[in-house]
Amino acid sequence: MSGVKKLDSCRVLIVGLGLIGGSLAAALKARNGCREVLAWDRDPQSLILARERDVIDRAACSLEDGVADADIVVLAVPVLAMSAMVRDVARLDLAGKVVTDVGSCKSDVVEVARECLGDSLSGFVPGHPIAGSEKSGITAAKADLYEAHKVIVTPLPENTLAASQLVRSLWEGVGALVLEMDVEHHDQVLARTSHLPHLLAFSLVDTLAGDRDSQDIFRYAAGGFRDFTRIAASDPTMWHDVFVANRNALLEALDEFSEGLQQMYAAVEQGDSRAMTGIITRAKSAREHFTRMLESQSYLKAMSHQSSHTFLARSGGTATGTLRVPGDKSISHRSIMLGALADGVTEVTGFLEGEDALATLQAFRDMGVVIEGPHDGRVTIYGVGLNGLQQPPGPLYLGNAGTAMRLMAGLMAAQKFDVTLTGDESLSNRPMNRVVKPLLDMGADIETSEGGKPPLVIRGGRSLSGVDYNMPMASAQVKSCLLLAGLYAEGETAVVEPGVTRDHTERMLTGLGYPVKTDGNRVSVQGGGTLTSASLIEVPADISSAAFFLVAASIAKDAELLLTHVGINPTRTGVLDILRLMGANITLENEREVGGEPVADIRVKSAQLKGIEIPEDLVPLAIDEFPVLFVAASCAEGETVLKGAEELRVKESDRIQSMADGLNALGVDAVALPDGMKIPGCAAGAQDVFAGGVVHSHGDHRIAMAFAVASLRARDEIRILDCANVATSFPNFIDLAHSVGLNLSETES
Ligand code: S3P
């Protein structure tokens, strides 16, 4: 075939007017997709029906005539008839024509095509629409069958580009999403995703129908039976043919399934609740992930960088009422990690059901840990002990979660197996040498990609030795990583920190009975101990999430908020100290200790803030709160200066640049410094501190939420782009913000 033909100038011949061929004809007709829709079928009745229903333009008198008139020939006959049809077509003159098929197995058709098509193989592009229903025949044809459905095209190395592009445009022309795969991979994937489930449905219904009590079984069968067996009503000939044609790949899939079934059988027979729960919870979370994929929710969008979530933050809002923000992200990550490594069962309450913590949860499930939940923040972890993790089936995907990757690097370096840690675009650009270098010093074997970036390829089976590490930056993630590796290392592992950082790892280890020694700014563990279960870890509300509302109520007029059950660990309360230095009206009520972490209800009222020089020793204690503190500083009277915070440049985004750009876009003359920010502030009481406009969050959750808060003192609406990642730390932010009076909503545009 020479030159690239356009679909709208082509005559398309559909050979076989069943559900698949008939629907393609109907779709092409309905969309005026091509010059003419021709059809040929062995059964004249189908052709008559197709004409009557206006599904085709013209019925060909014979296969020969049809092919002679056509530019594109679509073989849509049953799978077992496909090879014979390819042979029949191969005898005709195919010069300049493109031929494709719709069979659900590709290897056998391609083998025949290679045998008999000769030069015409360059124009034979196999395809497979993943659409259908349990109904069959031309009477079931639907013009919208392919809309938003996937079609797999399996181009051959012999194909011309023009031929494969034309087949692509044929399917895109009827609204399908076209994917490409090689032939063998296609057959293996389909054996698992389609052929095996059909085989199981047929087999189950047949077995039950043969049962003595089948009448009763069918009479009382409920939704579960109906959902599982719907596809057992599919076309028998077609499915027989598929099972024959894809024999090898199907048998392989069936072997895998039989192994899984044996495990379930043994678990039920032995009353092994942990094994049963493991299978069920892993399946449930995989199924939920699949549902999210189908619905294109934020997790998938964030993974595929197609996020288009925009926040609309309108002026005129307020911040009044009582609210509890979601669970602490740092503590949630650690609860899964240490709960998994403990001996015995750990219950977690208040767990953050945000994508970051869920990524950690999934990673440990992938390493064989049975974890139930989360249900309303409650998680049950069946600990496997320090040496009980198993090799995951593939790389561990940690999404946007830097904490997960850095802490797990330490744990994974000490395991018996190899593992690869990967993440989304933002995480893939974050520096990992800060953990990799000291881990290498301990004897770990880790490879990063260029510049010390993820993925991390970690080889297992190493014996680690303790180190005495002088940390160059104040980082709780680095400290925690090394302490976790230190649990497995020979001797003592010690970390000396240049500034105070959050100590949740130390507290939780102590709570789980693992001795941790703290001596001024030096913290250490001895390797070789065990973690006993704490039985309950109560995660307080996250002060980093509360920070948005602390600032909101401070800058809004006549506002008052009560934030309940907030973690006030002194290594995290820099935001309270900084806001108080700025003149905020904040009081702590009902101070108490919950599960080794101090907690309080925080009351905050409107106040006229004033600019300050932020004391550098508070920087690590408020490291995540600066985006919203910059918003507070913009509303303060007089200049605010932050220095010594270069760490902000390597967070989920470069938070100094992202905030300076956004503030400038809103008319605030903030100046980015290499290690901080200078913000001029405004006249006391000025209402329209921010002009309104469009800002970019750079996929950074905290930038997005900070600018939402800015709307409380904005003249016009603020549009914040790329906000899907708010779900990493604060999935219900919009609802909570709305419930206390912010004018915040979300659009998909
Ligand atoms: C975290 C530590 C901090 C913080 C991050 C969570 C943790 O990072 O910014 O959001 O859970 O240990 P660094 O330790 O790198 O400063």
# chains A, B, ... in the order shown; residues from 1 in each chain; ligands from 1
>>> residues_near_ligand(ligand="ligand 1", cutoff="6 Å", atoms="only C-alpha atoms and all ligand atoms", output="VMD selection string")
chain A and resid 330 403 475 to 477 623 to 624
>>> select_by_dssp(residues="stretch 568-657 of chain A", states="alpha helix (DSSP H)", output="compact mmCIF listing (two decimals) with all heavy atoms, in the first residue's frame")
# COMPACT_ATOMS: atom_id res chain seq x y z
N GLY A 574 6.21 24.03 65.23
CA GLY A 574 6.82 25.29 64.75
C GLY A 574 5.77 26.23 64.18
O GLY A 574 5.86 27.45 64.36
N VAL A 575 4.75 25.69 63.54
CA VAL A 575 3.73 26.54 62.93
C VAL A 575 2.98 27.34 64.00
O VAL A 575 2.63 28.52 63.80
CB VAL A 575 2.76 25.70 62.06
CG1 VAL A 575 1.99 24.67 62.88
CG2 VAL A 575 1.79 26.60 61.30
N LEU A 576 2.76 26.72 65.17
CA LEU A 576 2.08 27.45 66.25
C LEU A 576 2.99 28.57 66.76
O LEU A 576 2.55 29.70 66.97
CB LEU A 576 1.73 26.50 67.41
CG LEU A 576 0.78 25.34 67.09
CD1 LEU A 576 0.55 24.49 68.34
CD2 LEU A 576 -0.55 25.88 66.55
N ASP A 577 4.27 28.25 66.95
CA ASP A 577 5.22 29.25 67.46
C ASP A 577 5.33 30.43 66.49
O ASP A 577 5.32 31.59 66.90
CB ASP A 577 6.61 28.61 67.66
CG ASP A 577 6.55 27.47 68.67
OD1 ASP A 577 5.65 27.50 69.53
OD2 ASP A 577 7.39 26.55 68.58
N ILE A 578 5.46 30.11 65.20
CA ILE A 578 5.64 31.18 64.20
C ILE A 578 4.38 32.06 64.14
O ILE A 578 4.46 33.29 64.18
CB ILE A 578 5.98 30.58 62.82
CG1 ILE A 578 7.37 29.92 62.88
CG2 ILE A 578 5.94 31.65 61.73
CD1 ILE A 578 7.73 29.08 61.66
N LEU A 579 3.22 31.41 64.11
CA LEU A 579 1.98 32.22 64.03
C LEU A 579 1.81 33.07 65.29
O LEU A 579 1.39 34.23 65.22
CB LEU A 579 0.77 31.31 63.83
CG LEU A 579 0.57 30.79 62.40
CD1 LEU A 579 -0.56 29.77 62.34
CD2 LEU A 579 0.28 31.94 61.43
N ARG A 580 2.18 32.52 66.44
CA ARG A 580 2.05 33.32 67.68
C ARG A 580 3.02 34.51 67.66
O ARG A 580 2.66 35.61 68.05
CB ARG A 580 2.32 32.45 68.89
CG ARG A 580 1.07 31.66 69.29
CD ARG A 580 1.42 30.70 70.38
NE ARG A 580 0.25 30.08 70.96
CZ ARG A 580 0.27 28.91 71.56
NH1 ARG A 580 1.41 28.22 71.65
NH2 ARG A 580 -0.82 28.41 72.07
N LEU A 581 4.25 34.25 67.15
CA LEU A 581 5.20 35.38 67.03
C LEU A 581 4.63 36.46 66.11
O LEU A 581 4.92 37.64 66.27
CB LEU A 581 6.54 34.88 66.47
CG LEU A 581 7.43 34.06 67.42
CD1 LEU A 581 8.63 33.49 66.66
CD2 LEU A 581 7.91 34.95 68.58
N PHE A 626 5.28 25.96 55.50
CA PHE A 626 5.66 27.27 54.95
C PHE A 626 4.76 27.75 53.81
O PHE A 626 4.49 28.95 53.73
CB PHE A 626 7.15 27.31 54.58
CG PHE A 626 7.98 27.42 55.83
CD1 PHE A 626 8.71 26.35 56.31
CD2 PHE A 626 7.98 28.60 56.57
CE1 PHE A 626 9.43 26.45 57.49
CE2 PHE A 626 8.69 28.72 57.75
CZ PHE A 626 9.42 27.64 58.21
N PRO A 627 4.27 26.88 52.94
CA PRO A 627 3.40 27.44 51.90
C PRO A 627 2.27 28.27 52.49
O PRO A 627 2.05 29.41 52.06
CB PRO A 627 2.89 26.18 51.17
CG PRO A 627 4.01 25.20 51.32
CD PRO A 627 4.56 25.45 52.70
N VAL A 628 1.59 27.75 53.49
CA VAL A 628 0.45 28.52 54.03
C VAL A 628 0.95 29.65 54.95
O VAL A 628 0.30 30.68 55.08
CB VAL A 628 -0.58 27.57 54.72
CG1 VAL A 628 -0.14 27.15 56.11
CG2 VAL A 628 -1.95 28.24 54.75
N LEU A 629 2.14 29.47 55.55
CA LEU A 629 2.69 30.57 56.35
C LEU A 629 3.04 31.77 55.45
O LEU A 629 2.94 32.91 55.86
CB LEU A 629 3.92 30.10 57.13
CG LEU A 629 3.60 29.26 58.39
CD1 LEU A 629 4.87 28.64 58.97
CD2 LEU A 629 2.88 30.10 59.45
N PHE A 630 3.43 31.50 54.20
CA PHE A 630 3.70 32.60 53.27
C PHE A 630 2.40 33.36 52.98
O PHE A 630 2.41 34.58 52.75
CB PHE A 630 4.30 32.09 51.95
CG PHE A 630 5.67 31.47 52.10
CD1 PHE A 630 6.11 30.50 51.20
CD2 PHE A 630 6.53 31.86 53.12
CE1 PHE A 630 7.36 29.93 51.32
CE2 PHE A 630 7.80 31.29 53.24
CZ PHE A 630 8.22 30.32 52.35
N VAL A 631 1.29 32.64 52.95
CA VAL A 631 0.00 33.31 52.74
C VAL A 631 -0.30 34.19 53.96
O VAL A 631 -0.72 35.35 53.84
CB VAL A 631 -1.12 32.26 52.52
CG1 VAL A 631 -2.50 32.91 52.57
CG2 VAL A 631 -0.89 31.55 51.19
N ALA A 632 -0.04 33.64 55.16
CA ALA A 632 -0.24 34.43 56.38
C ALA A 632 0.64 35.69 56.34
O ALA A 632 0.18 36.80 56.64
CB ALA A 632 0.09 33.58 57.61
N ALA A 633 1.90 35.50 55.94
CA ALA A 633 2.84 36.63 55.92
C ALA A 633 2.38 37.72 54.95
O ALA A 633 2.58 38.91 55.19
CB ALA A 633 4.23 36.14 55.55
N SER A 634 1.73 37.30 53.85
CA SER A 634 1.25 38.29 52.87
C SER A 634 0.16 39.17 53.51
O SER A 634 -0.03 40.32 53.10
CB SER A 634 0.66 37.59 51.64
OG SER A 634 1.60 36.71 51.11
N ARG A 655 9.18 24.50 46.66
CA ARG A 655 8.12 25.28 47.31
C ARG A 655 8.46 26.77 47.42
O ARG A 655 7.55 27.58 47.58
CB ARG A 655 7.80 24.70 48.69
CG ARG A 655 6.99 23.43 48.57
CD ARG A 655 6.55 22.85 49.89
NE ARG A 655 5.67 21.71 49.60
CZ ARG A 655 5.41 20.74 50.47
NH1 ARG A 655 5.94 20.77 51.68
NH2 ARG A 655 4.60 19.76 50.13
N ILE A 656 9.74 27.12 47.32
CA ILE A 656 10.08 28.54 47.35
C ILE A 656 9.63 29.16 46.02
O ILE A 656 8.93 30.16 45.98
CB ILE A 656 11.59 28.72 47.59
CG1 ILE A 656 11.93 28.23 49.02
CG2 ILE A 656 12.01 30.17 47.38
CD1 ILE A 656 13.40 28.27 49.39
N GLN A 657 10.01 28.50 44.92
CA GLN A 657 9.68 29.04 43.60
C GLN A 657 8.18 28.97 43.34
O GLN A 657 7.57 29.93 42.86
CB GLN A 657 10.45 28.26 42.52
CG GLN A 657 10.65 29.04 41.24
CD GLN A 657 11.31 30.39 41.50
OE1 GLN A 657 12.35 30.47 42.16
NE2 GLN A 657 10.68 31.47 41.04
>>> select_by_dssp(residues="stretch 275-385 of chain A", states="strand (DSSP E)", output="PyMOL selection string")
chain A and resi 310-314+320-323+343-349+370-375+378-384
>>> write_last_selection(atoms="C-alpha atoms", output="mmCIF file, in the first residue's frame")
data_model
loop_
_atom_site.group_PDB
_atom_site.id
_atom_site.type_symbol
_atom_site.label_atom_id
_atom_site.label_comp_id
_atom_site.auth_asym_id
_atom_site.auth_seq_id
_atom_site.Cartn_x
_atom_site.Cartn_y
_atom_site.Cartn_z
ATOM 1 C CA THR A 310 -8.714 22.839 39.203
ATOM 2 C CA PHE A 311 -9.754 24.466 42.458
ATOM 3 C CA LEU A 312 -11.974 27.522 42.254
ATOM 4 C CA ALA A 313 -11.472 29.587 45.384
ATOM 5 C CA ARG A 314 -13.857 32.547 45.497
ATOM 6 C CA THR A 320 -15.983 29.472 61.532
ATOM 7 C CA GLY A 321 -16.956 26.254 63.292
ATOM 8 C CA THR A 322 -15.442 23.052 64.635
ATOM 9 C CA LEU A 323 -13.599 20.482 62.578
ATOM 10 C CA ASP A 343 4.957 -9.689 66.232
ATOM 11 C CA GLY A 344 1.175 -9.860 66.584
ATOM 12 C CA VAL A 345 -1.826 -7.818 65.548
ATOM 13 C CA THR A 346 -1.873 -4.007 65.608
ATOM 14 C CA GLU A 347 -5.067 -1.963 65.358
ATOM 15 C CA VAL A 348 -4.703 1.559 63.989
ATOM 16 C CA THR A 349 -7.379 4.239 64.383
ATOM 17 C CA VAL A 370 -2.300 -9.128 55.737
ATOM 18 C CA ILE A 371 -3.904 -5.748 56.345
ATOM 19 C CA GLU A 372 -7.621 -5.152 56.795
ATOM 20 C CA GLY A 373 -9.134 -1.783 56.031
ATOM 21 C CA PRO A 374 -8.996 1.101 56.040
ATOM 22 C CA HIS A 375 -12.608 1.542 57.107
ATOM 23 C CA ARG A 378 -9.451 1.863 61.188
ATOM 24 C CA VAL A 379 -6.775 -0.554 59.988
ATOM 25 C CA THR A 380 -5.849 -3.997 61.306
ATOM 26 C CA ILE A 381 -2.306 -5.171 60.591
ATOM 27 C CA TYR A 382 -1.310 -8.796 61.086
ATOM 28 C CA GLY A 383 2.381 -8.268 61.813
ATOM 29 C CA VAL A 384 4.879 -10.710 60.309
#
>>> residues_around(residues="A:Arg592", least_positions_apart="6", cutoff="12 Å", atoms="only C-alpha atoms", output="list in words")
Pro540, Thr564, His565, Val566, Gly567, Ile568, Asn569, Pro598, Val599, Ala600 and Asp601 of chain A
>>> closest_residue(among="A:Cys105, A:Val67, A:Leu190, A:Cys10", to="A:Ala90", atoms="only C-alpha atoms")
A:Val67
>>> residues_around(residues="A:Pro454", least_positions_apart="5", cutoff="8 Å", atoms="only C-alpha atoms", output="VMD selection string")
chain A and resid 421 to 423 427 to 432 448 to 449
>>> write_last_selection(atoms="all heavy atoms", output="short mmCIF file (atom, residue, chain, number, x, y, z; two decimals), in the first residue's frame")
data_model
loop_
_atom_site.label_atom_id
_atom_site.label_comp_id
_atom_site.auth_asym_id
_atom_site.auth_seq_id
_atom_site.Cartn_x
_atom_site.Cartn_y
_atom_site.Cartn_z
N LEU A 421 11.92 0.39 44.19
CA LEU A 421 10.95 1.39 44.65
C LEU A 421 10.80 2.46 43.57
O LEU A 421 11.78 3.04 43.13
CB LEU A 421 11.44 2.05 45.95
CG LEU A 421 11.77 1.11 47.13
CD1 LEU A 421 12.23 1.92 48.34
CD2 LEU A 421 10.56 0.25 47.49
N THR A 422 9.54 2.69 43.16
CA THR A 422 9.29 3.70 42.12
C THR A 422 8.24 4.69 42.62
O THR A 422 7.59 4.45 43.63
CB THR A 422 8.74 3.06 40.82
OG1 THR A 422 7.43 2.55 41.10
CG2 THR A 422 9.61 1.93 40.33
N GLY A 423 8.07 5.78 41.87
CA GLY A 423 7.06 6.76 42.27
C GLY A 423 6.58 7.56 41.08
O GLY A 423 6.95 7.28 39.94
N LEU A 427 7.93 12.49 42.63
CA LEU A 427 8.83 11.69 43.48
C LEU A 427 10.07 11.25 42.69
O LEU A 427 11.17 11.16 43.24
CB LEU A 427 8.06 10.48 44.05
CG LEU A 427 8.81 9.58 45.03
CD1 LEU A 427 9.41 10.36 46.18
CD2 LEU A 427 7.89 8.50 45.59
N SER A 428 9.87 10.99 41.40
CA SER A 428 11.00 10.53 40.58
C SER A 428 12.04 11.62 40.39
O SER A 428 13.11 11.37 39.82
CB SER A 428 10.51 10.07 39.21
OG SER A 428 9.60 9.02 39.39
N ASN A 429 11.73 12.83 40.81
CA ASN A 429 12.70 13.92 40.69
C ASN A 429 13.27 14.35 42.03
O ASN A 429 13.95 15.36 42.12
CB ASN A 429 12.04 15.12 40.01
CG ASN A 429 12.08 14.93 38.52
OD1 ASN A 429 13.15 14.69 37.96
ND2 ASN A 429 10.93 14.97 37.89
N ARG A 430 12.96 13.60 43.08
CA ARG A 430 13.42 14.03 44.40
C ARG A 430 14.74 13.33 44.77
O ARG A 430 14.97 12.18 44.39
CB ARG A 430 12.31 13.79 45.43
CG ARG A 430 11.11 14.68 45.11
CD ARG A 430 10.04 14.59 46.13
NE ARG A 430 10.45 15.14 47.42
CZ ARG A 430 9.72 15.08 48.51
NH1 ARG A 430 8.52 14.49 48.46
NH2 ARG A 430 10.14 15.58 49.64
N PRO A 431 15.59 14.04 45.52
CA PRO A 431 16.92 13.48 45.81
C PRO A 431 16.86 12.32 46.79
O PRO A 431 16.22 12.42 47.84
CB PRO A 431 17.65 14.68 46.45
CG PRO A 431 16.58 15.59 46.95
CD PRO A 431 15.38 15.38 46.08
N MET A 432 17.50 11.24 46.44
CA MET A 432 17.52 10.06 47.31
C MET A 432 18.92 9.77 47.85
O MET A 432 19.07 8.93 48.73
CB MET A 432 17.01 8.83 46.54
CG MET A 432 15.52 8.91 46.25
SD MET A 432 14.53 8.92 47.74
CE MET A 432 13.21 10.03 47.27
N THR A 448 20.60 3.93 42.09
CA THR A 448 19.58 4.95 41.79
C THR A 448 19.67 5.25 40.30
O THR A 448 20.59 4.80 39.64
CB THR A 448 19.90 6.27 42.52
OG1 THR A 448 21.13 6.78 41.99
CG2 THR A 448 20.03 6.06 44.01
N SER A 449 18.74 6.03 39.80
CA SER A 449 18.98 6.48 38.43
C SER A 449 19.82 7.76 38.51
O SER A 449 20.21 8.18 39.61
CB SER A 449 17.68 6.61 37.65
OG SER A 449 16.96 7.68 38.06
#
>>> residues_around(residues="stretch 147-154 of chain A", least_positions_apart="4", cutoff="10 Å", atoms="only C-alpha atoms", output="PyMOL selection string")
chain A and resi 27+100-102+104+106+110+125-132+143+164+167-168+171-186
>>> closest_atom_pairs(of="stretch 667-701 of chain A", to="stretch 608-616 of chain A", cutoff="12 Å", atoms="only C-alpha atoms", output="JSON lines")
{"residue": "A:Asp675", "atom": "CA", "partner": "A:Glu616", "partner_atom": "CA", "distance": 10.9}
{"residue": "A:Gly676", "atom": "CA", "partner": "A:Ile614", "partner_atom": "CA", "distance": 10.1}
{"residue": "A:Met677", "atom": "CA", "partner": "A:Ile614", "partner_atom": "CA", "distance": 10.3}
{"residue": "A:Lys678", "atom": "CA", "partner": "A:Glu613", "partner_atom": "CA", "distance": 9.3}
{"residue": "A:Ile679", "atom": "CA", "partner": "A:Gly611", "partner_atom": "CA", "distance": 8.4}
{"residue": "A:Pro680", "atom": "CA", "partner": "A:Gly611", "partner_atom": "CA", "distance": 8.1}
{"residue": "A:Gly681", "atom": "CA", "partner": "A:Gly611", "partner_atom": "CA", "distance": 6.6}
{"residue": "A:Cys682", "atom": "CA", "partner": "A:Lys610", "partner_atom": "CA", "distance": 9.2}
{"residue": "A:Ala683", "atom": "CA", "partner": "A:Lys610", "partner_atom": "CA", "distance": 9.9}
{"residue": "A:Ala684", "atom": "CA", "partner": "A:Gln608", "partner_atom": "CA", "distance": 6.9}
{"residue": "A:Gly685", "atom": "CA", "partner": "A:Gln608", "partner_atom": "CA", "distance": 7.0}
{"residue": "A:Ala686", "atom": "CA", "partner": "A:Gln608", "partner_atom": "CA", "distance": 10.0}
{"residue": "A:Gln687", "atom": "CA", "partner": "A:Gln608", "partner_atom": "CA", "distance": 11.4}
>>> residues_around(residues="A:Arg91", least_positions_apart="3", cutoff="9 Å", atoms="only C-alpha atoms", output="list in words")
Val86, Arg87, Asp88, Leu94, Cys116 and Leu117 of chain A
>>> residues_around(residues="A:Phe243", least_positions_apart="4", cutoff="10 Å", atoms="only C-alpha atoms", output="mmCIF file with N, CA and C atoms, in the first residue's frame")
data_model
loop_
_atom_site.group_PDB
_atom_site.id
_atom_site.type_symbol
_atom_site.label_atom_id
_atom_site.label_comp_id
_atom_site.auth_asym_id
_atom_site.auth_seq_id
_atom_site.Cartn_x
_atom_site.Cartn_y
_atom_site.Cartn_z
ATOM 1 N N VAL A 79 -13.896 -16.939 15.713
ATOM 2 C CA VAL A 79 -12.459 -17.215 15.847
ATOM 3 C C VAL A 79 -12.008 -18.443 15.060
ATOM 4 N N LEU A 80 -12.762 -19.538 15.158
ATOM 5 C CA LEU A 80 -12.296 -20.759 14.488
ATOM 6 C C LEU A 80 -12.467 -20.710 12.976
ATOM 7 N N CYS A 105 -8.112 -14.077 19.639
ATOM 8 C CA CYS A 105 -6.800 -14.714 19.782
ATOM 9 C C CYS A 105 -6.027 -14.358 18.523
ATOM 10 N N ALA A 191 -5.985 -14.146 27.805
ATOM 11 C CA ALA A 191 -6.282 -15.417 28.466
ATOM 12 C C ALA A 191 -6.651 -15.153 29.925
ATOM 13 N N HIS A 195 -10.605 -14.717 28.859
ATOM 14 C CA HIS A 195 -10.924 -16.106 28.561
ATOM 15 C C HIS A 195 -11.089 -16.924 29.841
ATOM 16 N N LEU A 196 -10.183 -16.712 30.807
ATOM 17 C CA LEU A 196 -10.287 -17.459 32.066
ATOM 18 C C LEU A 196 -11.590 -17.122 32.817
ATOM 19 N N HIS A 198 -14.432 -16.194 31.661
ATOM 20 C CA HIS A 198 -15.553 -16.846 30.966
ATOM 21 C C HIS A 198 -15.557 -18.341 31.251
ATOM 22 N N LEU A 199 -14.376 -18.939 31.164
ATOM 23 C CA LEU A 199 -14.282 -20.386 31.425
ATOM 24 C C LEU A 199 -14.804 -20.712 32.832
ATOM 25 N N MET A 238 -18.800 -19.125 19.974
ATOM 26 C CA MET A 238 -17.677 -18.203 20.034
ATOM 27 C C MET A 238 -16.710 -18.617 21.138
ATOM 28 N N TRP A 239 -17.244 -18.956 22.322
ATOM 29 C CA TRP A 239 -16.351 -19.249 23.444
ATOM 30 C C TRP A 239 -15.671 -20.600 23.296
ATOM 31 N N ARG A 247 -5.526 -22.039 23.341
ATOM 32 C CA ARG A 247 -5.317 -23.168 24.244
ATOM 33 C C ARG A 247 -4.126 -22.970 25.192
ATOM 34 N N ASN A 248 -2.971 -22.679 24.625
ATOM 35 C CA ASN A 248 -1.761 -22.668 25.457
ATOM 36 C C ASN A 248 -1.787 -21.588 26.527
ATOM 37 N N ALA A 249 -2.116 -20.374 26.078
ATOM 38 C CA ALA A 249 -2.122 -19.272 27.053
ATOM 39 C C ALA A 249 -3.217 -19.505 28.095
ATOM 40 N N LEU A 250 -4.346 -20.057 27.660
ATOM 41 C CA LEU A 250 -5.453 -20.292 28.598
ATOM 42 C C LEU A 250 -5.066 -21.339 29.638
ATOM 43 N N LEU A 251 -4.389 -22.412 29.190
ATOM 44 C CA LEU A 251 -3.993 -23.460 30.149
ATOM 45 C C LEU A 251 -3.001 -22.907 31.172
#
>>> closest_residue(among="A:Leu666, A:Ile458, A:Val112, A:Val525", to="A:Ala84", atoms="only C-alpha atoms")
A:Val112
>>> closest_residue(among="A:Gly402, A:Gln390, A:Thr318, A:Thr747", to="A:Ile555", atoms="only C-alpha atoms")
A:Thr318
